[in-house]
>>> print(open('input07.txt').read())   # compact mmCIF, C-alpha atoms
# COMPACT_ATOMS: atom_id res chain seq x y z
CA MET J 26 -39.07 -6.51 -5.90
CA LYS J 27 -40.71 -3.78 -3.87
CA ARG J 28 -43.14 -1.01 -4.70
CA LEU J 29 -44.67 1.81 -2.71
CA GLU J 30 -48.42 1.84 -2.02
CA TYR J 31 -50.29 4.73 -0.47
CA ASP J 32 -52.40 3.87 2.56
CA GLU J 33 -55.39 6.22 2.76
CA ARG J 34 -56.12 5.35 6.37
CA THR J 35 -52.69 6.25 7.76
CA GLY J 36 -51.51 8.61 5.02
CA ASP J 37 -48.19 6.79 4.72
CA PHE J 38 -46.46 4.96 1.92
CA ASN J 39 -45.89 1.26 2.60
CA GLU J 40 -43.43 -1.02 0.85
CA ILE J 41 -45.08 -4.05 -0.67
CA GLU J 42 -43.07 -6.91 -2.08
CA TYR J 43 -44.17 -8.49 -5.33
CA SER J 44 -42.76 -11.07 -7.70
CA LEU J 45 -41.68 -10.01 -11.17
CA TRP J 46 -42.39 -13.47 -12.52
CA GLY J 47 -45.98 -13.28 -11.24
CA VAL J 48 -46.51 -9.96 -13.00
CA ALA J 49 -45.09 -11.36 -16.25
CA ALA J 50 -47.33 -14.47 -16.03
CA LYS J 51 -50.39 -12.31 -15.46
CA ILE J 52 -49.54 -10.11 -18.46
CA LEU J 53 -49.01 -13.16 -20.68
CA LEU J 54 -52.25 -14.82 -19.58
CA PHE J 55 -54.19 -11.61 -20.09
CA SER J 56 -52.68 -11.23 -23.59
CA LEU J 57 -53.72 -14.79 -24.56
CA LEU J 58 -57.23 -14.25 -23.28
CA LEU J 59 -57.42 -10.98 -25.19
CA ILE J 60 -56.25 -12.69 -28.39
CA VAL J 61 -58.81 -15.52 -27.98
CA ALA J 62 -61.59 -13.05 -27.28
CA ALA J 63 -60.64 -10.92 -30.28
CA GLY J 64 -60.59 -14.04 -32.51
CA GLY J 65 -64.00 -15.13 -31.28
CA VAL J 66 -65.45 -11.68 -31.95
CA TYR J 67 -63.91 -11.60 -35.45
CA ALA J 68 -65.27 -15.12 -36.28
CA TRP J 69 -68.75 -14.12 -35.04
CA PHE J 70 -68.81 -11.07 -37.29
CA LYS J 71 -67.69 -13.16 -40.29
CA GLY J 72 -70.34 -15.75 -39.61
CA TRP J 73 -67.89 -18.61 -39.28
CA GLN J 74 -68.98 -21.99 -38.00
CA PHE J 75 -66.96 -24.13 -35.61
CA SER J 76 -66.27 -26.61 -38.40
CA ASP J 77 -64.65 -23.81 -40.43
CA ALA J 78 -62.23 -23.00 -37.59
CA ILE J 79 -60.82 -26.52 -37.28
CA PRO J 80 -58.76 -26.46 -40.54
CA LEU J 81 -57.47 -22.99 -39.66
CA ILE J 82 -56.41 -24.16 -36.20
CA LYS J 83 -54.64 -27.19 -37.68
CA LYS J 84 -52.89 -24.96 -40.22
CA TYR J 85 -51.55 -22.57 -37.60
CA CYS J 86 -50.64 -25.41 -35.23
CA GLY J 87 -48.55 -27.02 -38.00
CA LEU J 88 -46.94 -23.66 -38.79
CA ALA J 89 -46.12 -23.10 -35.12
CA TYR J 90 -44.70 -26.62 -34.86
CA SER J 91 -42.43 -26.15 -37.91
CA LYS J 92 -41.27 -22.75 -36.75
CA GLY J 93 -40.69 -24.16 -33.29
CA LEU J 94 -38.48 -26.93 -34.69
CA VAL J 95 -36.45 -24.33 -36.58
CA ALA J 96 -36.09 -22.25 -33.43
CA VAL J 97 -35.05 -25.30 -31.38
CA LYS J 98 -32.40 -26.29 -33.94
CA PHE J 99 -31.17 -22.72 -34.02
CA LEU J 100 -30.87 -22.67 -30.23
CA GLN J 101 -29.19 -26.08 -30.19
CA SER J 102 -26.44 -24.76 -32.45
CA TYR J 103 -25.63 -22.10 -29.88
CA LEU J 104 -26.40 -23.96 -26.67
CA THR J 105 -23.00 -25.53 -26.19
CA VAL J 106 -21.30 -26.32 -22.89
CA LYS J 107 -19.12 -23.23 -23.14
CA SER J 108 -22.04 -20.92 -23.92
CA ILE J 109 -24.12 -22.34 -21.06
CA ALA J 110 -21.15 -21.99 -18.71
CA PHE J 111 -20.59 -18.43 -19.91
CA VAL J 112 -24.23 -17.51 -19.34
CA GLY J 113 -24.09 -19.15 -15.92
CA ILE J 114 -20.97 -17.20 -15.00
CA VAL J 115 -22.51 -13.93 -16.19
CA ALA J 116 -25.70 -14.65 -14.23
CA ALA J 117 -23.70 -15.52 -11.11
CA VAL J 118 -21.63 -12.34 -11.46
CA CYS J 119 -24.77 -10.25 -11.87
CA TYR J 120 -26.36 -11.91 -8.85
CA TRP J 121 -23.27 -11.63 -6.62
CA ARG J 122 -22.07 -8.34 -8.10
CA LYS J 123 -22.08 -6.44 -4.78
CA LYS J 124 -20.06 -9.06 -2.92
CA ILE J 125 -17.67 -9.48 -5.86
CA TRP J 126 -17.13 -5.72 -5.97
CA LYS J 127 -16.42 -5.68 -2.22
CA ILE J 128 -13.83 -8.44 -2.66
CA ILE J 129 -12.21 -6.59 -5.57
CA LYS J 130 -12.09 -3.36 -3.54
CA CYS J 131 -10.50 -5.18 -0.60
CA LEU J 132 -7.87 -6.74 -2.88
CA LEU J 133 -7.11 -3.42 -4.57
CA TYR J 134 -6.90 -1.66 -1.21
CA PHE J 135 -4.54 -4.33 0.09
CA LEU J 136 -2.41 -4.18 -3.07
CA PHE J 137 -2.24 -0.38 -3.32
CA TRP J 138 -2.39 0.48 0.38
CA PRO J 139 1.07 2.14 0.31
CA VAL J 140 -0.01 4.26 -2.66
CA ILE J 141 -3.22 5.32 -0.90
CA LYS J 142 -1.41 6.23 2.32
CA LEU J 143 1.27 8.10 0.38
CA PHE J 144 -1.37 10.05 -1.55
CA LEU J 145 -3.24 10.99 1.65
CA ARG J 146 -0.02 12.12 3.35
CA ALA J 147 1.02 14.11 0.26
CA ARG J 148 -2.40 15.79 0.07
CA SER J 149 -2.21 16.67 3.76
CA ALA J 150 1.30 18.08 3.33
CA TRP J 151 0.15 20.12 0.32
CA GLN J 152 -2.79 21.55 2.27
CA GLU J 153 -0.57 22.41 5.23
CA ARG J 154 2.14 23.90 2.96
CA ASP J 155 4.73 21.55 4.44
CA TRP J 156 7.10 21.60 1.46
CA ALA J 157 9.87 19.60 3.17
CA MET J 158 7.52 16.70 3.92
CA LEU J 159 6.01 16.97 0.43
CA SER J 160 9.46 16.68 -1.15
CA LEU J 161 10.22 13.65 0.98
CA LEU J 162 6.89 12.05 -0.03
CA VAL J 163 7.64 12.68 -3.69
CA MET J 164 10.93 10.83 -3.26
CA LEU J 165 9.04 8.02 -1.52
CA GLY J 166 6.64 7.95 -4.46
CA VAL J 167 9.50 7.44 -6.91
CA VAL J 168 10.89 4.63 -4.77
CA LEU J 169 7.44 3.09 -4.46
CA TYR J 170 7.02 3.19 -8.24
CA TRP J 171 10.27 1.28 -8.77
CA ALA J 172 9.33 -1.16 -6.03
CA TYR J 173 6.05 -1.95 -7.81
CA MET J 174 7.90 -2.29 -11.12
CA PHE J 175 10.30 -4.70 -9.45
CA VAL J 176 7.47 -6.84 -8.05
CA PHE J 177 5.55 -6.86 -11.36
CA ALA J 178 8.70 -7.86 -13.27
CA LEU J 179 9.32 -10.66 -10.78
CA ILE J 180 5.73 -11.92 -11.11
CA SER J 181 5.82 -11.76 -14.92
CA VAL J 182 9.02 -13.77 -15.03
CA MET J 183 7.64 -16.37 -12.60
CA VAL J 184 4.26 -16.71 -14.35
CA SER J 185 5.21 -16.53 -18.03
CA SER J 186 8.59 -18.24 -17.63
CA VAL J 187 10.02 -15.75 -20.08
CA HIS J 188 13.72 -15.09 -19.78
CA ILE J 189 14.52 -11.41 -19.58
CA ASP J 190 18.15 -10.37 -19.63
CA ASP J 191 18.80 -9.39 -16.04
CA PRO J 192 15.42 -7.68 -15.38
CA LEU J 193 15.76 -7.71 -11.60
CA ASN J 194 19.41 -7.58 -10.64
CA SER J 195 19.89 -4.28 -12.45
CA SER J 196 17.08 -2.52 -10.59
CA MET J 197 17.11 -4.36 -7.25
CA PRO J 198 20.24 -2.67 -5.77
CA ILE J 199 19.01 0.75 -6.84
CA VAL J 200 15.55 0.16 -5.39
CA PHE J 201 16.88 -1.03 -2.04
CA MET J 202 19.49 1.72 -1.83
CA ILE J 203 16.97 4.47 -2.57
CA SER J 204 14.38 2.87 -0.28
CA GLY J 205 16.88 2.67 2.56
CA ALA J 206 18.01 6.26 2.04
CA VAL J 207 14.46 7.60 1.89
CA ALA J 208 13.39 5.56 4.94
CA PHE J 209 16.42 6.84 6.86
CA ILE J 210 15.63 10.45 5.96
CA TYR J 211 11.94 10.05 6.81
CA PHE J 212 12.41 8.46 10.24
CA TYR J 213 15.31 10.74 11.12
CA ALA J 214 13.23 13.81 10.22
CA LYS J 215 10.31 12.45 12.24
CA ALA J 216 12.52 11.80 15.27
CA LEU J 217 14.14 15.23 14.99
CA THR J 218 10.74 16.93 14.81
CA MET J 219 9.43 15.04 17.84
CA VAL J 220 12.59 15.81 19.82
CA LYS J 221 12.22 19.53 19.12
CA CYS J 222 8.58 19.31 20.24
CA GLY J 223 9.59 17.58 23.49
CA GLN J 224 7.76 14.36 22.63
CA LEU J 225 10.82 12.09 22.24
CA VAL J 226 14.12 11.56 24.04
CA VAL J 227 17.06 10.31 22.01
CA TYR J 228 20.11 11.09 24.20
CA SER J 229 19.39 12.55 27.60
CA ASP J 230 22.79 14.31 27.85
CA TRP J 231 26.37 14.23 26.57
CA SER J 232 27.44 11.44 28.90
CA ASP J 233 24.65 9.26 27.58
CA PHE J 234 25.74 10.06 24.01
CA LEU J 235 29.40 9.25 24.66
CA LYS J 236 28.62 6.02 26.54
CA SER J 237 26.23 4.85 23.83
CA THR J 238 28.53 5.73 20.92
CA ALA J 239 31.78 4.30 22.28
CA TRP J 240 31.02 0.80 20.93
CA LEU J 241 31.52 2.01 17.34
CA TYR J 242 35.18 2.60 18.21
CA ALA J 243 35.76 0.06 20.98
CA LEU J 244 34.47 -3.08 19.24
CA PRO J 245 36.51 -2.73 16.01
CA VAL J 246 39.70 -1.91 17.94
CA GLY J 247 39.17 -4.81 20.34
CA ILE J 248 38.52 -7.26 17.50
CA ILE J 249 41.66 -6.10 15.69
CA PHE J 250 43.79 -6.60 18.82
CA VAL J 251 42.34 -10.02 19.61
CA SER J 252 42.50 -11.33 16.04
CA ASP J 253 46.16 -10.30 15.63
CA SER J 254 48.19 -13.49 15.83
CA SER J 255 51.36 -11.60 16.79
CA ALA J 256 49.74 -9.74 19.70
CA ASP J 257 51.25 -10.22 23.16
CA THR J 258 49.36 -10.70 26.41
CA MET J 259 49.03 -6.98 27.06
CA HIS J 260 47.41 -6.39 23.67
CA LEU J 261 45.10 -9.37 24.19
CA VAL J 262 44.00 -8.06 27.58
CA LEU J 263 43.54 -4.60 26.10
CA GLY J 264 41.60 -6.03 23.16
CA TRP J 265 39.23 -8.00 25.38
CA SER J 266 38.78 -4.92 27.55
CA PHE J 267 37.76 -2.95 24.50
CA ILE J 268 35.34 -5.71 23.44
CA VAL J 269 33.71 -5.88 26.88
CA GLY J 270 33.48 -2.08 27.00
CA GLY J 271 31.98 -2.07 23.51
CA ILE J 272 29.34 -4.61 24.55
CA VAL J 273 28.48 -2.53 27.62
CA SER J 274 28.24 0.57 25.43
CA PHE J 275 25.96 -1.21 22.96
CA VAL J 276 23.70 -2.40 25.79
CA SER J 277 23.58 1.17 27.07
CA LEU J 278 22.58 2.34 23.60
CA VAL J 279 19.64 -0.05 23.42
CA ARG J 280 18.66 0.37 27.06
CA GLY J 281 18.49 4.16 26.83
CA ALA J 282 15.81 4.05 24.13
CA PHE J 283 13.47 2.06 26.42
CA ARG J 284 14.44 3.92 29.56
CA TYR J 285 13.45 7.43 28.48
CA ASN J 286 10.46 6.56 26.23
CA SER J 287 7.41 4.33 26.20
CA GLY J 288 5.29 2.50 23.65
CA GLY J 289 6.13 2.79 19.98
CA LEU J 290 8.37 5.79 20.63
CA CYS J 291 10.98 3.41 22.09
CA TYR J 292 11.70 1.94 18.67
CA LEU J 293 11.82 5.35 17.00
CA SER J 294 14.25 6.48 19.68
CA LEU J 295 16.34 3.34 19.18
CA PHE J 296 16.59 4.04 15.46
CA ALA J 297 17.49 7.67 16.16
CA ARG J 298 20.20 6.67 18.66
CA PHE J 299 21.80 4.39 16.08
CA ALA J 300 21.40 7.01 13.34
CA VAL J 301 22.93 9.83 15.41
CA SER J 302 25.89 7.63 16.41
CA PHE J 303 26.63 6.59 12.85
CA LEU J 304 26.11 10.11 11.54
CA ALA J 305 28.50 11.57 14.11
CA ILE J 306 31.18 8.94 13.39
CA ALA J 307 30.75 9.39 9.62
CA ALA J 308 31.04 13.18 9.91
CA LEU J 309 34.21 12.89 12.03
CA ALA J 310 35.68 10.32 9.64
CA GLU J 311 35.03 12.57 6.64
CA LEU J 312 36.51 15.57 8.46
CA HIS J 313 39.62 13.54 9.38
CA SER J 314 39.95 12.35 5.75
CA LYS J 315 39.90 15.91 4.42
CA PHE J 316 42.49 17.03 7.01
CA ASP J 317 44.69 14.09 6.07
CA LYS J 318 44.55 15.01 2.38
CA PHE J 319 45.35 18.62 3.30
CA ARG J 320 48.44 17.51 5.24
CA LYS J 321 49.57 15.48 2.24
CA GLY J 322 49.13 18.48 -0.05
CA GLU J 323 46.34 16.91 -2.13
CA LEU J 324 43.82 19.62 -1.17
CA GLY J 325 44.10 23.33 -0.55
CA VAL J 326 43.06 25.30 2.50
CA ILE J 327 39.51 25.92 1.31
CA ARG J 328 38.67 22.36 0.21
CA GLY J 329 40.84 20.68 2.83
CA VAL J 330 40.11 22.78 5.94
CA LEU J 331 37.51 25.52 5.69
CA LEU J 332 34.82 23.77 3.66
CA PRO J 333 34.97 20.48 5.67
CA ILE J 334 34.77 22.43 8.95
CA LEU J 335 31.76 24.41 7.72
CA ILE J 336 29.98 21.24 6.55
CA PHE J 337 30.75 19.43 9.79
CA ALA J 338 29.53 22.40 11.83
CA PHE J 339 26.28 22.53 9.82
CA VAL J 340 25.66 18.79 10.19
CA PHE J 341 26.50 18.83 13.88
CA ARG J 342 24.37 21.87 14.67
CA THR J 343 21.39 20.84 12.54
CA PHE J 344 21.17 17.06 12.83
CA ILE J 345 23.24 15.92 15.83
CA ARG J 346 23.15 18.59 18.53
CA PRO J 347 19.31 18.76 18.83
CA MET J 348 19.22 15.02 19.53
CA ILE J 349 21.44 15.34 22.60
CA GLY J 350 19.60 16.67 25.63
CA THR J 351 15.97 17.79 25.42
CA ASP J 352 13.41 19.68 27.45
CA PHE J 353 11.32 16.52 27.79
CA HIS J 354 10.40 15.83 31.41
CA TYR J 355 10.28 12.19 32.42
>>> encode(input="input07.txt", output="structure tokens")
Amino acid sequence: MKRLEYDERTGDFNEIEYSLWGVAAKILLFSLLLIVAAGGVYAWFKGWQFSDAIPLIKKYCGLAYSKGLVAVKFLQSYLTVKSIAFVGIVAAVCYWRKKIWKIIKCLLYFLFWPVIKLFLRARSAWQERDWAMLSLLVMLGVVLYWAYMFVFALISVMVSSVHIDDPLNSSMPIVFMISGAVAFIYFYAKALTMVKCGQLVVYSDWSDFLKSTAWLYALPVGIIFVSDSSADTMHLVLGWSFIVGGIVSFVSLVRGAFRYNSGGLCYLSLFARFAVSFLAIAALAELHSKFDKFRKGELGVIRGVLLPILIFAFVFRTFIRPMIGTDFHY
């Protein structure tokens, strides 16, 4: 241990190390000497002789011996292997408490790192009044909660070997579906924001968009033509042409992400190029489906024509059009 001592020559306080056991031994020795001295003074005042003190010393030595045996037996009843091990563990924990606490903090940080990052992002969004990002982070928090519940249920089943009626299969599809949807929304929103700020290029122009999206139509059509057993030579040639064109289009899709961006933005652009292509095809497919139902008389003009056109126009103008052509200079 350390204590501060004032140095009169320099006027400073110096740290001096001292042993606690040494201080305790000095106090004990001083107490024994004080007791012996007090006994000698008391015997002198009483006029005792040395021969009178011998029986008293024997009496108290025998009493101390008997009480010591009782104390030893009492301690032996409690000094078992488990108690000694427990005391040793407690002493080791007290001695290594700082390192143990650091290890626990590292494990907790590793285990709950997604929660910590989500909380920091949510707090930042709250301070910046970014309500859209805050809503997205709340959705991510719900998904993260179910993901942790899924992992804990899996661990409990593996460790305790307790059979729970379908504890995982019922929640696993929901967790992955929600996680995928939230991840898609988050990265799409991030890419859209960076495109509007001129920091990311998704599709440089309309020709790049059409070339990179053609594989979604060309590959399925080519595979259908080639796999048809009744197809003639013309259809086979046409099918293989579509397949080759689809492969070229897919290569163009991937190549464009690395051509117009650098670093980690390449992968964000690649995701956005895939997402925009699928979103455009899905919007056109839904619009065609509504028109088809309108032609068959299953839907009226509003639900079959006007409303689908308005929704498609909103999706195209808000989520697709900004990704095609930017003011980014490369």
>>> atom_distance(input="input07.txt", atom1="CA of Val168 in chain J", atom2="CA of Met219 in chain J")
24.9 Å
>>> residues_around(input="input07.txt", residues="Lys236 in chain J", least_positions_apart="4", cutoff="8 Å", atoms="only C-alpha atoms", output="ChimeraX atom specification")
/J:232,274,277-278
>>> closest_residue(input="input07.txt", among="J:Ser266, J:Ser314, J:Ser302, J:Ser237", to="Gly281 in chain J", atoms="only C-alpha atoms")
J:Ser237
>>> atom_distance(input="input07.txt", atom1="CA of Arg298 in chain J", atom2="CA of Met348 in chain J")
8.5 Å
>>> residues_around(input="input07.txt", residues="Trp265 in chain J", least_positions_apart="2", cutoff="12 Å", atoms="only C-alpha atoms", output="PyMOL selection string")
chain J and resi 243-252+258-263+267-272
>>> atom_distance(input="input07.txt", atom1="CA of Ser294 in chain J", atom2="CA of Cys222 in chain J")
14.0 Å
>>> closest_residue(input="input07.txt", among="J:Val115, J:Ile306, J:Val48, J:Leu161", to="Ile210 in chain J", atoms="all atoms listed in the file")
J:Leu161
>>> closest_residue(input="input07.txt", among="J:Leu88, J:Pro347, J:Tyr285, J:Leu312", to="Pro333 in chain J", atoms="all atoms listed in the file")
J:Leu312
>>> residues_around(input="input07.txt", residues="Leu165 in chain J", least_positions_apart="4", cutoff="10 Å", atoms="all atoms listed in the file", output="PyMOL selection string")
chain J and resi 140+143+159-161+169-171+203-204+206-208+211
>>> write_last_selection(input="input07.txt", atoms="C-alpha atoms", output="PDB file, in the coordinates of the input")
ATOM      1  CA  VAL J 140      -0.010   4.260  -2.660  1.00  0.00           C
ATOM      2  CA  LEU J 143       1.270   8.100   0.380  1.00  0.00           C
ATOM      3  CA  LEU J 159       6.010  16.970   0.430  1.00  0.00           C
ATOM      4  CA  SER J 160       9.460  16.680  -1.150  1.00  0.00           C
ATOM      5  CA  LEU J 161      10.220  13.650   0.980  1.00  0.00           C
ATOM      6  CA  LEU J 169       7.440   3.090  -4.460  1.00  0.00           C
ATOM      7  CA  TYR J 170       7.020   3.190  -8.240  1.00  0.00           C
ATOM      8  CA  TRP J 171      10.270   1.280  -8.770  1.00  0.00           C
ATOM      9  CA  ILE J 203      16.970   4.470  -2.570  1.00  0.00           C
ATOM     10  CA  SER J 204      14.380   2.870  -0.280  1.00  0.00           C
ATOM     11  CA  ALA J 206      18.010   6.260   2.040  1.00  0.00           C
ATOM     12  CA  VAL J 207      14.460   7.600   1.890  1.00  0.00           C
ATOM     13  CA  ALA J 208      13.390   5.560   4.940  1.00  0.00           C
ATOM     14  CA  TYR J 211      11.940  10.050   6.810  1.00  0.00           C
TER      15      TYR J 211
END
>>> closest_residue(input="input07.txt", among="J:Lys221, J:Arg148, J:Lys127, J:Arg154", to="Thr343 in chain J", atoms="only C-alpha atoms")
J:Lys221
>>> residues_near_point(input="input07.txt", point="(12.3, 13.8, 18.7)", cutoff="12 Å", atoms="all atoms listed in the file", output="number ranges by chain")
J: 212-229, 282, 285-286, 290-298, 301, 344-353
>>> decode(input="input07.txt", residues="range 167-177 of chain J", atoms="all heavy atoms", output="PDB file, in the first residue's frame")
ATOM      1  N   VAL J 167     -36.754  -4.012 -33.426  1.00  0.00           N
ATOM      2  CA  VAL J 167     -37.697  -5.125 -33.284  1.00  0.00           C
ATOM      3  C   VAL J 167     -37.130  -6.404 -33.888  1.00  0.00           C
ATOM      4  O   VAL J 167     -37.195  -7.493 -33.294  1.00  0.00           O
ATOM      5  CB  VAL J 167     -39.048  -4.760 -33.943  1.00  0.00           C
ATOM      6  CG1 VAL J 167     -40.005  -5.944 -33.913  1.00  0.00           C
ATOM      7  CG2 VAL J 167     -39.664  -3.560 -33.239  1.00  0.00           C
ATOM      8  N   VAL J 168     -36.544  -6.276 -35.068  1.00  0.00           N
ATOM      9  CA  VAL J 168     -35.934  -7.440 -35.717  1.00  0.00           C
ATOM     10  C   VAL J 168     -34.777  -7.974 -34.878  1.00  0.00           C
ATOM     11  O   VAL J 168     -34.602  -9.189 -34.719  1.00  0.00           O
ATOM     12  CB  VAL J 168     -35.461  -7.072 -37.133  1.00  0.00           C
ATOM     13  CG1 VAL J 168     -34.700  -8.227 -37.763  1.00  0.00           C
ATOM     14  CG2 VAL J 168     -36.652  -6.689 -37.997  1.00  0.00           C
ATOM     15  N   LEU J 169     -33.984  -7.071 -34.331  1.00  0.00           N
ATOM     16  CA  LEU J 169     -32.846  -7.489 -33.507  1.00  0.00           C
ATOM     17  C   LEU J 169     -33.318  -8.214 -32.251  1.00  0.00           C
ATOM     18  O   LEU J 169     -32.699  -9.193 -31.809  1.00  0.00           O
ATOM     19  CB  LEU J 169     -32.023  -6.263 -33.132  1.00  0.00           C
ATOM     20  CG  LEU J 169     -30.640  -6.506 -32.525  1.00  0.00           C
ATOM     21  CD1 LEU J 169     -29.765  -7.264 -33.517  1.00  0.00           C
ATOM     22  CD2 LEU J 169     -29.986  -5.183 -32.158  1.00  0.00           C
ATOM     23  N   TYR J 170     -34.424  -7.739 -31.683  1.00  0.00           N
ATOM     24  CA  TYR J 170     -34.977  -8.415 -30.496  1.00  0.00           C
ATOM     25  C   TYR J 170     -35.366  -9.850 -30.819  1.00  0.00           C
ATOM     26  O   TYR J 170     -35.007 -10.793 -30.085  1.00  0.00           O
ATOM     27  CB  TYR J 170     -36.190  -7.637 -29.994  1.00  0.00           C
ATOM     28  CG  TYR J 170     -37.008  -8.390 -28.980  1.00  0.00           C
ATOM     29  CD1 TYR J 170     -36.573  -8.502 -27.657  1.00  0.00           C
ATOM     30  CD2 TYR J 170     -38.212  -8.998 -29.340  1.00  0.00           C
ATOM     31  CE1 TYR J 170     -37.321  -9.191 -26.719  1.00  0.00           C
ATOM     32  CE2 TYR J 170     -38.960  -9.696 -28.405  1.00  0.00           C
ATOM     33  CZ  TYR J 170     -38.515  -9.792 -27.100  1.00  0.00           C
ATOM     34  OH  TYR J 170     -39.251 -10.490 -26.182  1.00  0.00           O
ATOM     35  N   TRP J 171     -36.060 -10.060 -31.940  1.00  0.00           N
ATOM     36  CA  TRP J 171     -36.461 -11.418 -32.314  1.00  0.00           C
ATOM     37  C   TRP J 171     -35.261 -12.265 -32.694  1.00  0.00           C
ATOM     38  O   TRP J 171     -35.255 -13.487 -32.474  1.00  0.00           O
ATOM     39  CB  TRP J 171     -37.474 -11.358 -33.451  1.00  0.00           C
ATOM     40  CG  TRP J 171     -38.837 -10.974 -32.976  1.00  0.00           C
ATOM     41  CD1 TRP J 171     -39.488  -9.797 -33.191  1.00  0.00           C
ATOM     42  CD2 TRP J 171     -39.708 -11.765 -32.163  1.00  0.00           C
ATOM     43  NE1 TRP J 171     -40.704  -9.795 -32.574  1.00  0.00           N
ATOM     44  CE2 TRP J 171     -40.878 -10.994 -31.941  1.00  0.00           C
ATOM     45  CE3 TRP J 171     -39.620 -13.035 -31.602  1.00  0.00           C
ATOM     46  CZ2 TRP J 171     -41.935 -11.476 -31.176  1.00  0.00           C
ATOM     47  CZ3 TRP J 171     -40.688 -13.508 -30.850  1.00  0.00           C
ATOM     48  CH2 TRP J 171     -41.822 -12.732 -30.646  1.00  0.00           C
ATOM     49  N   ALA J 172     -34.232 -11.635 -33.251  1.00  0.00           N
ATOM     50  CA  ALA J 172     -33.026 -12.397 -33.573  1.00  0.00           C
ATOM     51  C   ALA J 172     -32.340 -12.903 -32.300  1.00  0.00           C
ATOM     52  O   ALA J 172     -31.906 -14.057 -32.228  1.00  0.00           O
ATOM     53  CB  ALA J 172     -32.060 -11.517 -34.380  1.00  0.00           C
ATOM     54  N   TYR J 173     -32.275 -12.037 -31.271  1.00  0.00           N
ATOM     55  CA  TYR J 173     -31.699 -12.479 -29.998  1.00  0.00           C
ATOM     56  C   TYR J 173     -32.558 -13.566 -29.354  1.00  0.00           C
ATOM     57  O   TYR J 173     -32.027 -14.527 -28.781  1.00  0.00           O
ATOM     58  CB  TYR J 173     -31.567 -11.295 -29.038  1.00  0.00           C
ATOM     59  CG  TYR J 173     -30.280 -10.532 -29.198  1.00  0.00           C
ATOM     60  CD1 TYR J 173     -30.229  -9.338 -29.893  1.00  0.00           C
ATOM     61  CD2 TYR J 173     -29.096 -11.013 -28.649  1.00  0.00           C
ATOM     62  CE1 TYR J 173     -29.041  -8.637 -30.038  1.00  0.00           C
ATOM     63  CE2 TYR J 173     -27.908 -10.323 -28.785  1.00  0.00           C
ATOM     64  CZ  TYR J 173     -27.884  -9.134 -29.481  1.00  0.00           C
ATOM     65  OH  TYR J 173     -26.702  -8.454 -29.631  1.00  0.00           O
ATOM     66  N   MET J 174     -33.876 -13.432 -29.431  1.00  0.00           N
ATOM     67  CA  MET J 174     -34.761 -14.457 -28.884  1.00  0.00           C
ATOM     68  C   MET J 174     -34.556 -15.786 -29.610  1.00  0.00           C
ATOM     69  O   MET J 174     -34.555 -16.865 -28.994  1.00  0.00           O
ATOM     70  CB  MET J 174     -36.221 -14.010 -29.008  1.00  0.00           C
ATOM     71  CG  MET J 174     -36.580 -12.826 -28.119  1.00  0.00           C
ATOM     72  SD  MET J 174     -36.419 -13.203 -26.354  1.00  0.00           S
ATOM     73  CE  MET J 174     -37.714 -14.421 -26.185  1.00  0.00           C
ATOM     74  N   PHE J 175     -34.346 -15.709 -30.909  1.00  0.00           N
ATOM     75  CA  PHE J 175     -34.101 -16.919 -31.696  1.00  0.00           C
ATOM     76  C   PHE J 175     -32.802 -17.595 -31.262  1.00  0.00           C
ATOM     77  O   PHE J 175     -32.751 -18.815 -31.053  1.00  0.00           O
ATOM     78  CB  PHE J 175     -34.052 -16.536 -33.177  1.00  0.00           C
ATOM     79  CG  PHE J 175     -33.596 -17.648 -34.088  1.00  0.00           C
ATOM     80  CD1 PHE J 175     -34.443 -18.667 -34.445  1.00  0.00           C
ATOM     81  CD2 PHE J 175     -32.297 -17.658 -34.575  1.00  0.00           C
ATOM     82  CE1 PHE J 175     -34.019 -19.686 -35.273  1.00  0.00           C
ATOM     83  CE2 PHE J 175     -31.860 -18.669 -35.407  1.00  0.00           C
ATOM     84  CZ  PHE J 175     -32.726 -19.690 -35.748  1.00  0.00           C
ATOM     85  N   VAL J 176     -31.755 -16.812 -31.086  1.00  0.00           N
ATOM     86  CA  VAL J 176     -30.457 -17.376 -30.680  1.00  0.00           C
ATOM     87  C   VAL J 176     -30.540 -17.955 -29.271  1.00  0.00           C
ATOM     88  O   VAL J 176     -30.031 -19.055 -29.003  1.00  0.00           O
ATOM     89  CB  VAL J 176     -29.364 -16.295 -30.764  1.00  0.00           C
ATOM     90  CG1 VAL J 176     -28.050 -16.813 -30.185  1.00  0.00           C
ATOM     91  CG2 VAL J 176     -29.163 -15.871 -32.211  1.00  0.00           C
ATOM     92  N   PHE J 177     -31.192 -17.233 -28.338  1.00  0.00           N
ATOM     93  CA  PHE J 177     -31.296 -17.736 -26.965  1.00  0.00           C
ATOM     94  C   PHE J 177     -32.120 -19.014 -26.909  1.00  0.00           C
ATOM     95  O   PHE J 177     -31.813 -19.933 -26.137  1.00  0.00           O
ATOM     96  CB  PHE J 177     -31.907 -16.670 -26.071  1.00  0.00           C
ATOM     97  CG  PHE J 177     -31.019 -15.483 -25.846  1.00  0.00           C
ATOM     98  CD1 PHE J 177     -31.540 -14.237 -25.551  1.00  0.00           C
ATOM     99  CD2 PHE J 177     -29.644 -15.605 -25.955  1.00  0.00           C
ATOM    100  CE1 PHE J 177     -30.720 -13.149 -25.352  1.00  0.00           C
ATOM    101  CE2 PHE J 177     -28.807 -14.521 -25.772  1.00  0.00           C
ATOM    102  CZ  PHE J 177     -29.347 -13.292 -25.470  1.00  0.00           C
TER     103      PHE J 177
END
